[in-house]
$ cat entry-v2.csv   # CSV, C-alpha atoms and all ligand atoms
chain,number,residue,atom,x,y,z
A,1313,MET,CA,0.0,0.0,0.0
A,1314,ILE,CA,2.8,2.4,1.0
A,1315,ARG,CA,6.3,2.2,-0.4
A,1316,ILE,CA,8.8,4.9,0.6
A,1317,GLU,CA,12.3,4.8,-0.7
A,1318,GLY,CA,15.3,7.0,0.3
A,1319,LEU,CA,13.2,9.9,1.4
A,1320,THR,CA,15.1,13.1,2.3
A,1321,LYS,CA,13.7,16.6,3.0
A,1322,SER,CA,15.6,19.7,3.8
A,1323,TYR,CA,14.0,23.0,4.8
A,1324,GLY,CA,16.9,25.4,4.2
A,1325,ALA,CA,19.7,24.3,6.4
A,1326,THR,CA,17.4,21.9,8.4
A,1327,GLN,CA,17.5,18.3,7.4
A,1328,ALA,CA,14.2,17.0,8.5
A,1329,LEU,CA,14.5,13.5,6.8
A,1330,ARG,CA,17.9,11.9,6.1
A,1331,GLY,CA,17.0,8.8,4.0
A,1332,VAL,CA,13.8,7.1,5.2
A,1333,SER,CA,12.6,3.8,3.6
A,1334,PHE,CA,9.8,1.5,4.6
A,1335,GLU,CA,6.8,-0.4,3.2
A,1336,VAL,CA,3.4,-0.8,4.7
A,1337,PRO,CA,1.2,-3.7,3.3
A,1338,ARG,CA,-2.5,-3.3,3.0
A,1339,GLY,CA,-4.4,-3.7,6.2
A,1340,GLN,CA,-1.7,-2.8,8.7
A,1341,VAL,CA,-2.2,-0.2,11.5
A,1342,VAL,CA,1.3,1.3,11.9
A,1343,GLY,CA,2.5,3.7,14.5
A,1344,PHE,CA,5.1,6.2,13.5
A,1345,LEU,CA,6.7,7.1,16.8
A,1346,GLY,CA,9.3,9.7,17.6
A,1347,PRO,CA,10.1,12.8,19.6
A,1348,ASN,CA,9.1,16.3,18.5
A,1349,GLY,CA,11.2,17.4,15.5
A,1350,ALA,CA,12.0,13.8,14.4
A,1351,GLY,CA,10.4,14.2,11.0
A,1352,LYS,CA,7.0,12.6,11.6
A,1353,SER,CA,4.8,15.4,10.2
A,1354,THR,CA,7.1,15.9,7.2
A,1355,THR,CA,6.8,12.2,6.3
A,1356,MET,CA,3.0,12.4,6.7
A,1357,LYS,CA,2.8,15.6,4.6
A,1358,ILE,CA,4.9,14.0,1.8
A,1359,LEU,CA,2.6,10.9,1.8
A,1360,ALA,CA,-0.4,13.2,1.6
A,1361,GLY,CA,1.1,15.1,-1.3
A,1362,PHE,CA,1.4,18.4,0.4
A,1363,VAL,CA,5.2,18.6,0.7
A,1364,THR,CA,7.7,17.7,-2.0
A,1365,PRO,CA,10.6,15.6,-0.9
A,1366,THR,CA,14.2,16.8,-1.7
A,1367,SER,CA,15.0,13.3,-2.9
A,1368,GLY,CA,13.5,9.8,-2.8
A,1369,THR,CA,10.0,8.6,-3.6
A,1370,ALA,CA,6.8,7.8,-1.9
A,1371,ARG,CA,4.2,5.6,-3.6
A,1372,ILE,CA,0.7,4.7,-2.7
A,1373,ASN,CA,-0.5,1.6,-4.6
A,1374,GLY,CA,2.2,2.3,-7.1
A,1375,ILE,CA,1.2,6.0,-7.6
A,1376,ASP,CA,4.1,8.4,-7.0
A,1377,VAL,CA,2.6,11.1,-4.7
A,1378,THR,CA,4.9,13.7,-6.1
A,1379,VAL,CA,4.1,13.0,-9.7
A,1380,ASP,CA,0.3,12.6,-9.4
A,1381,PRO,CA,-0.9,13.9,-6.0
A,1382,VAL,CA,-4.5,14.2,-7.3
A,1383,ALA,CA,-4.7,10.5,-8.0
A,1384,SER,CA,-2.9,9.5,-4.8
A,1385,ARG,CA,-5.1,11.7,-2.6
A,1386,ARG,CA,-8.2,9.8,-3.8
A,1387,LEU,CA,-6.7,6.8,-2.0
A,1388,ILE,CA,-5.8,8.8,1.1
A,1389,GLY,CA,-7.7,10.2,4.0
A,1390,TYR,CA,-5.4,12.7,5.7
A,1391,LEU,CA,-5.9,14.2,9.2
A,1392,PRO,CA,-3.2,16.9,9.7
A,1393,GLU,CA,-2.0,17.9,13.1
A,1394,ASN,CA,-4.2,20.8,14.3
A,1395,ASN,CA,-6.6,20.2,11.5
A,1396,PRO,CA,-8.4,23.5,10.8
A,1397,LEU,CA,-12.2,23.4,10.6
A,1398,TYR,CA,-14.7,26.0,9.4
A,1399,GLU,CA,-15.8,27.2,12.8
A,1400,GLU,CA,-19.0,28.9,11.7
A,1401,MET,CA,-20.3,26.0,9.7
A,1402,MET,CA,-22.7,23.4,10.9
A,1403,VAL,CA,-21.2,19.9,11.1
A,1404,ARG,CA,-23.7,18.6,8.5
A,1405,ASP,CA,-22.9,21.5,6.1
A,1406,TYR,CA,-19.2,21.1,6.6
A,1407,LEU,CA,-19.2,17.4,5.7
A,1408,ASP,CA,-21.4,18.2,2.7
A,1409,PHE,CA,-18.9,20.8,1.6
A,1410,ILE,CA,-15.9,18.5,2.1
A,1411,ALA,CA,-17.7,15.7,0.1
A,1412,GLU,CA,-18.3,18.2,-2.7
A,1413,VAL,CA,-14.7,19.4,-2.7
A,1414,ARG,CA,-13.4,15.8,-2.8
A,1415,GLY,CA,-15.4,15.3,-6.0
A,1416,ILE,CA,-17.8,12.7,-4.7
A,1417,PRO,CA,-20.7,12.5,-7.3
A,1418,LYS,CA,-23.8,14.2,-6.0
A,1419,ALA,CA,-25.9,11.0,-6.1
A,1420,ARG,CA,-23.5,9.3,-3.7
A,1421,ARG,CA,-22.7,12.1,-1.3
A,1422,ALA,CA,-25.6,11.6,1.1
A,1423,GLU,CA,-24.8,8.0,1.5
A,1424,ARG,CA,-21.0,8.6,2.0
A,1425,ILE,CA,-21.7,11.3,4.6
A,1426,ARG,CA,-24.2,9.1,6.5
A,1427,ASN,CA,-21.6,6.3,6.6
A,1428,ALA,CA,-18.9,8.7,7.9
A,1429,VAL,CA,-21.3,10.1,10.5
A,1430,GLU,CA,-22.2,6.7,11.8
A,1431,ARG,CA,-18.7,5.4,12.0
A,1432,CYS,CA,-17.4,8.5,13.8
A,1433,GLY,CA,-20.4,8.8,16.2
A,1434,LEU,CA,-21.5,12.3,15.0
A,1435,ARG,CA,-25.2,11.9,14.6
A,1436,ALA,CA,-26.0,13.8,17.8
A,1437,VAL,CA,-24.0,16.9,16.7
A,1438,LEU,CA,-24.9,17.2,13.0
A,1439,GLY,CA,-27.0,20.3,13.7
A,1440,LYS,CA,-24.3,22.0,15.8
A,1441,ASP,CA,-21.9,24.7,14.7
A,1442,ILE,CA,-18.3,23.5,14.8
A,1443,HIS,CA,-17.2,26.2,17.3
A,1444,GLN,CA,-19.7,24.7,19.8
A,1445,LEU,CA,-18.0,21.2,19.8
A,1446,SER,CA,-15.6,19.8,22.4
A,1447,LYS,CA,-12.1,18.9,21.2
A,1448,GLY,CA,-13.0,15.2,21.1
A,1449,TYR,CA,-16.0,15.9,18.8
A,1450,ARG,CA,-13.8,18.2,16.6
A,1451,GLN,CA,-11.4,15.3,16.1
A,1452,ARG,CA,-14.3,13.0,15.2
A,1453,VAL,CA,-15.3,15.6,12.6
A,1454,GLY,CA,-11.7,15.5,11.4
A,1455,LEU,CA,-11.8,11.7,11.1
A,1456,ALA,CA,-15.2,11.9,9.3
A,1457,GLN,CA,-13.9,14.3,6.8
A,1458,ALA,CA,-10.8,12.1,6.3
A,1459,ILE,CA,-13.0,9.0,5.4
A,1460,VAL,CA,-15.8,10.6,3.5
A,1461,HIS,CA,-14.4,9.7,0.1
A,1462,ASP,CA,-13.9,6.1,1.4
A,1463,PRO,CA,-10.1,6.0,1.1
A,1464,ASP,CA,-8.1,2.8,1.5
A,1465,LEU,CA,-5.3,4.5,3.6
A,1466,LEU,CA,-5.7,6.8,6.6
A,1467,ILE,CA,-2.8,9.1,7.5
A,1468,LEU,CA,-3.3,10.5,11.0
A,1469,ASP,CA,-0.8,13.1,12.3
A,1470,GLU,CA,-0.8,13.1,16.1
A,1471,PRO,CA,-4.5,12.4,16.3
A,1472,THR,CA,-4.9,12.6,20.1
A,1473,THR,CA,-2.7,15.6,20.9
A,1474,GLY,CA,-4.5,18.1,23.0
A,1475,LEU,CA,-7.4,15.8,24.0
A,1476,ASP,CA,-8.3,14.9,27.6
A,1477,PRO,CA,-7.9,11.3,28.8
A,1478,ASN,CA,-11.5,10.3,28.1
A,1479,GLN,CA,-11.4,11.8,24.6
A,1480,ILE,CA,-8.1,10.0,24.0
A,1481,VAL,CA,-9.6,6.6,24.8
A,1482,GLU,CA,-12.6,7.4,22.5
A,1483,ILE,CA,-10.5,8.5,19.6
A,1484,ARG,CA,-8.1,5.6,19.9
A,1485,SER,CA,-10.9,3.1,19.9
A,1486,LEU,CA,-12.5,4.8,16.9
A,1487,ILE,CA,-9.1,4.6,15.1
A,1488,LYS,CA,-8.9,0.9,16.0
A,1489,GLU,CA,-12.4,0.3,14.5
A,1490,LEU,CA,-11.4,2.2,11.3
A,1491,GLY,CA,-8.2,0.1,11.2
A,1492,LYS,CA,-10.3,-3.1,10.7
A,1493,GLU,CA,-11.1,-1.9,7.2
A,1494,LYS,CA,-8.4,0.5,6.3
A,1495,THR,CA,-4.6,0.7,6.3
A,1496,VAL,CA,-3.6,3.3,8.9
A,1497,ILE,CA,-0.4,5.2,9.5
A,1498,LEU,CA,-0.5,7.2,12.7
A,1499,SER,CA,2.2,9.5,14.0
A,1500,THR,CA,2.7,10.1,17.7
A,1501,HIS,CA,5.3,10.9,20.3
A,1502,ILE,CA,3.4,8.7,22.9
A,1503,LEU,CA,4.5,5.1,23.3
A,1504,SER,CA,1.1,4.0,24.8
A,1505,GLU,CA,-0.7,5.3,21.7
A,1506,VAL,CA,1.1,2.7,19.5
A,1507,GLN,CA,0.8,0.0,22.1
A,1508,SER,CA,-3.0,0.5,22.4
A,1509,THR,CA,-3.7,1.1,18.7
A,1510,CYS,CA,-1.1,-0.4,16.4
A,1511,SER,CA,0.1,-3.8,15.2
A,1512,ARG,CA,3.5,-2.4,14.1
A,1513,VAL,CA,5.7,0.5,15.1
A,1514,LEU,CA,8.3,2.4,13.1
A,1515,ILE,CA,10.5,4.6,15.3
A,1516,ILE,CA,12.0,7.8,13.8
A,1517,SER,CA,14.7,9.8,15.4
A,1518,ASP,CA,16.4,12.8,13.9
A,1519,GLY,CA,15.2,12.1,10.3
A,1520,ARG,CA,16.1,8.4,10.3
A,1521,LEU,CA,14.2,5.2,11.1
A,1522,VAL,CA,15.8,3.5,14.0
A,1523,ALA,CA,13.4,0.6,14.7
A,1524,ASP,CA,10.6,-1.4,13.0
A,1525,ASP,CA,9.0,-3.8,15.4
A,1526,ALA,CA,5.9,-5.1,17.2
A,1527,PRO,CA,4.8,-2.6,19.8
A,1528,GLU,CA,4.7,-5.1,22.6
A,1529,ARG,CA,8.4,-5.8,22.1
A,1530,LEU,CA,9.4,-2.2,22.7
A,1531,GLY,CA,11.3,-1.8,25.9
A,1532,GLU,CA,12.3,-5.4,26.1
A,1533,GLY,CA,15.9,-5.9,27.1
A,1534,GLU,CA,16.2,-2.5,28.6
B,1601,LIG,P1,7.7,16.0,14.0
B,1601,LIG,O1,6.4,15.9,13.3
B,1601,LIG,O2,8.4,14.7,14.3
B,1601,LIG,O3,7.7,16.9,15.2
B,1601,LIG,P2,8.5,17.6,11.7
B,1601,LIG,O4,8.5,16.8,10.5
B,1601,LIG,O5,7.4,18.6,12.0
B,1601,LIG,O6,8.8,16.7,13.0
B,1601,LIG,O7,9.9,18.5,11.7
B,1601,LIG,C1,11.2,17.9,11.4
B,1601,LIG,C2,12.2,19.1,11.4
B,1601,LIG,O8,11.9,19.9,10.3
B,1601,LIG,C3,12.2,19.9,12.7
B,1601,LIG,O9,13.5,20.3,12.9
B,1601,LIG,C4,11.3,21.1,12.2
B,1601,LIG,O10,11.7,22.3,12.9
B,1601,LIG,C5,11.7,21.2,10.8
B,1601,LIG,N1,10.6,21.8,10.0
B,1601,LIG,C6,9.4,21.2,9.8
B,1601,LIG,N2,8.6,22.0,9.0
B,1601,LIG,C7,9.4,23.1,8.6
B,1601,LIG,C8,9.2,24.2,7.8
B,1601,LIG,N3,8.0,24.4,7.1
B,1601,LIG,N4,10.2,25.1,7.6
B,1601,LIG,C9,11.4,24.9,8.3
B,1601,LIG,N5,11.6,23.8,9.1
B,1601,LIG,C10,10.6,22.9,9.2
B,1602,LIG,P1,-4.0,22.3,-2.0
B,1602,LIG,O1,-4.8,23.3,-2.9
B,1602,LIG,O2,-3.3,23.0,-0.8
B,1602,LIG,O3,-3.1,21.4,-2.8
B,1602,LIG,P2,-6.3,20.6,-1.8
B,1602,LIG,O4,-7.2,21.6,-2.5
B,1602,LIG,O5,-6.0,19.4,-2.5
B,1602,LIG,O6,-5.0,21.4,-1.3
B,1602,LIG,O7,-6.9,20.3,-0.4
B,1602,LIG,C1,-7.4,21.2,0.5
B,1602,LIG,C2,-7.5,20.7,1.9
B,1602,LIG,O8,-8.2,19.5,1.9
B,1602,LIG,C3,-6.1,20.4,2.4
B,1602,LIG,O9,-5.7,21.4,3.4
B,1602,LIG,C4,-6.1,19.1,3.1
B,1602,LIG,O10,-6.0,19.2,4.5
B,1602,LIG,C5,-7.5,18.5,2.7
B,1602,LIG,N1,-7.3,17.3,1.9
B,1602,LIG,C6,-7.0,17.1,0.6
B,1602,LIG,N2,-7.0,15.9,0.2
B,1602,LIG,C7,-7.3,15.2,1.3
B,1602,LIG,C8,-7.5,13.8,1.6
B,1602,LIG,N3,-7.4,12.9,0.7
B,1602,LIG,N4,-7.8,13.5,2.9
B,1602,LIG,C9,-8.0,14.4,3.8
B,1602,LIG,N5,-7.8,15.7,3.6
B,1602,LIG,C10,-7.5,16.1,2.4
$ encode --input "entry-v2.csv" --output "structure tokens" --more "lines below"
Ligand code: ADP
Ligand code: ADP
Amino acid sequence: MIRIEGLTKSYGATQALRGVSFEVPRGQVVGFLGPNGAGKSTTMKILAGFVTPTSGTARINGIDVTVDPVASRRLIGYLPENNPLYEEMMVRDYLDFIAEVRGIPKARRAERIRNAVERCGLRAVLGKDIHQLSKGYRQRVGLAQAIVHDPDLLILDEPTTGLDPNQIVEIRSLIKELGKEKTVILSTHILSEVQSTCSRVLIISDGRLVADDAPERLGEGE
């Protein structure tokens, strides 16, 4: 599903990625774990087609995200860190708008939105304005907008940062549910997040992958 080879990215003098390579087969839920500044967001943004790598390639189902980001984004649901939402919009109208922007044919929009609303537990807040929502509900809206076009791959950048403990539990279990049907790559700086949610963990430090393992084996031998 994902094939990344020799990815580097420099922002001026800052080398954010120093040669990252990995593959993710269809169906895995992978944690991308590392401290702040390690290069997690940069990798997620490259995969989502919003940042161009300095060298190397990233492919989603064989599509090079740099060469054809429009095609690769159809396969991707991307939830950026601090995902901006339209504060004055009603949840229902916002999802409608996103579905339209994503190019979902009009005849299928209502059904796609209903599906995203059900899976993300948003029915009770459809008539609320986004600025009225708690952080947990805002993140549910973020997940709903990421899955509305029924992508095969979910790219979630620090999906529980800033949430309170109850909201964290809820969002993690929602991600686990989505992971039963979709390939997921999730970045985080929190070990317990990958242990509770992921079947595999890639550890990134200073722009390089330093481990690729099962989450339950982390910490063994220390
Ligand atoms: P993480 O998501 O792991 O915190 P990032 O990918 O955001 O890491 O950042 C990796 C490095 O690249 C950091 O040193 C960060 O300061 C730098 N960086 C990220 N984005 C930019 C940018 N737009 N301009 C300049 N430097 C950036
Ligand atoms: P740009 O004009 O910056 O290239 P787009 O018009 O493609 O961006 O996308 C607008 C916004 O929609 C982006 O900020 C991004 O967060 C979001 N977006 C685009 N494609 C996807 C996707 N497949 N999944 C989730 N969000 C997406």
$ closest_residue --input "entry-v2.csv" --among "A:His1501, A:Arg1424, A:Lys1440, A:Lys1492" --to "ligand LIG 1601 (chain B)" --atoms "all atoms listed in the file"
A:His1501
$ residues_near_ligand --input "entry-v2.csv" --ligand "ligand LIG 1601 (chain B)" --cutoff "9 Å" --atoms "only C-alpha atoms and all ligand atoms" --output "PyMOL selection string"
chain A and resi 1321-1329+1345-1357+1393+1469-1470+1499-1501+1516-1519
$ residues_around --input "entry-v2.csv" --residues "region 1454-1464 of chain A" --least-positions-apart "4" --cutoff "8 Å" --atoms "all atoms listed in the file" --output "list in words"
Arg1386, Leu1387, Ile1388, Gly1389, Tyr1390, Leu1391, Asn1395, Leu1397, Leu1407, Ile1410, Ala1411, Arg1414, Ile1416, Arg1424, Ile1425, Asn1427, Ala1428, Val1429, Arg1431, Cys1432, Arg1450, Glu1493, Lys1494 and Thr1495 of chain A
$ atom_distance --input "entry-v2.csv" --atom1 "CA of Ile1316 (chain A)" --atom2 "CA of Leu1521 (chain A)"
11.8 Å
$ atom_distance --input "entry-v2.csv" --atom1 "CA of Leu1468 (chain A)" --atom2 "CA of Asp1376 (chain A)"
19.6 Å
$ atom_distance --input "entry-v2.csv" --atom1 "CA of Val1413 (chain A)" --atom2 "CA of Ile1372 (chain A)"
21.3 Å
$ closest_residue --input "entry-v2.csv" --among "A:Pro1365, A:Pro1337, A:Pro1396, A:Pro1527" --to "His1443 (chain A)" --atoms "all atoms listed in the file"
A:Pro1396
$ closest_residue --input "entry-v2.csv" --among "A:Glu1505, A:Glu1400, A:Glu1317, A:Glu1412" --to "ligand LIG 1602 (chain B)" --atoms "all atoms listed in the file"
A:Glu1412
$ residues_near_point --input "entry-v2.csv" --point "(7.6, 5.2, -4.4)" --cutoff "10 Å" --atoms "all atoms listed in the file" --output "MDAnalysis selection string"
chainID A and resid 1314:1319 1333:1335 1359 1368:1378
$ closest_residue --input "entry-v2.csv" --among "A:Gly1474, A:Pro1381, A:Gly1433, A:Gly1343" --to "ligand LIG 1602 (chain B)" --atoms "only C-alpha atoms and all ligand atoms"
A:Pro1381
$ closest_residue --input "entry-v2.csv" --among "A:Arg1330, A:Val1453, A:Met1401, A:Arg1435" --to "ligand LIG 1602 (chain B)" --atoms "all atoms listed in the file"
A:Val1453
$ closest_residue --input "entry-v2.csv" --among "A:Leu1438, A:Glu1423, A:Glu1489, A:Leu1465" --to "ligand LIG 1602 (chain B)" --atoms "all atoms listed in the file"
A:Leu1465
$ residues_around --input "entry-v2.csv" --residues "Ser1504 (chain A)" --least-positions-apart "3" --cutoff "12 Å" --atoms "all atoms listed in the file" --output "MDAnalysis selection string"
chainID A and resid 1343 1345 1472 1480:1481 1484 1500:1501 1507:1510 1513 1527:1528 1530:1531
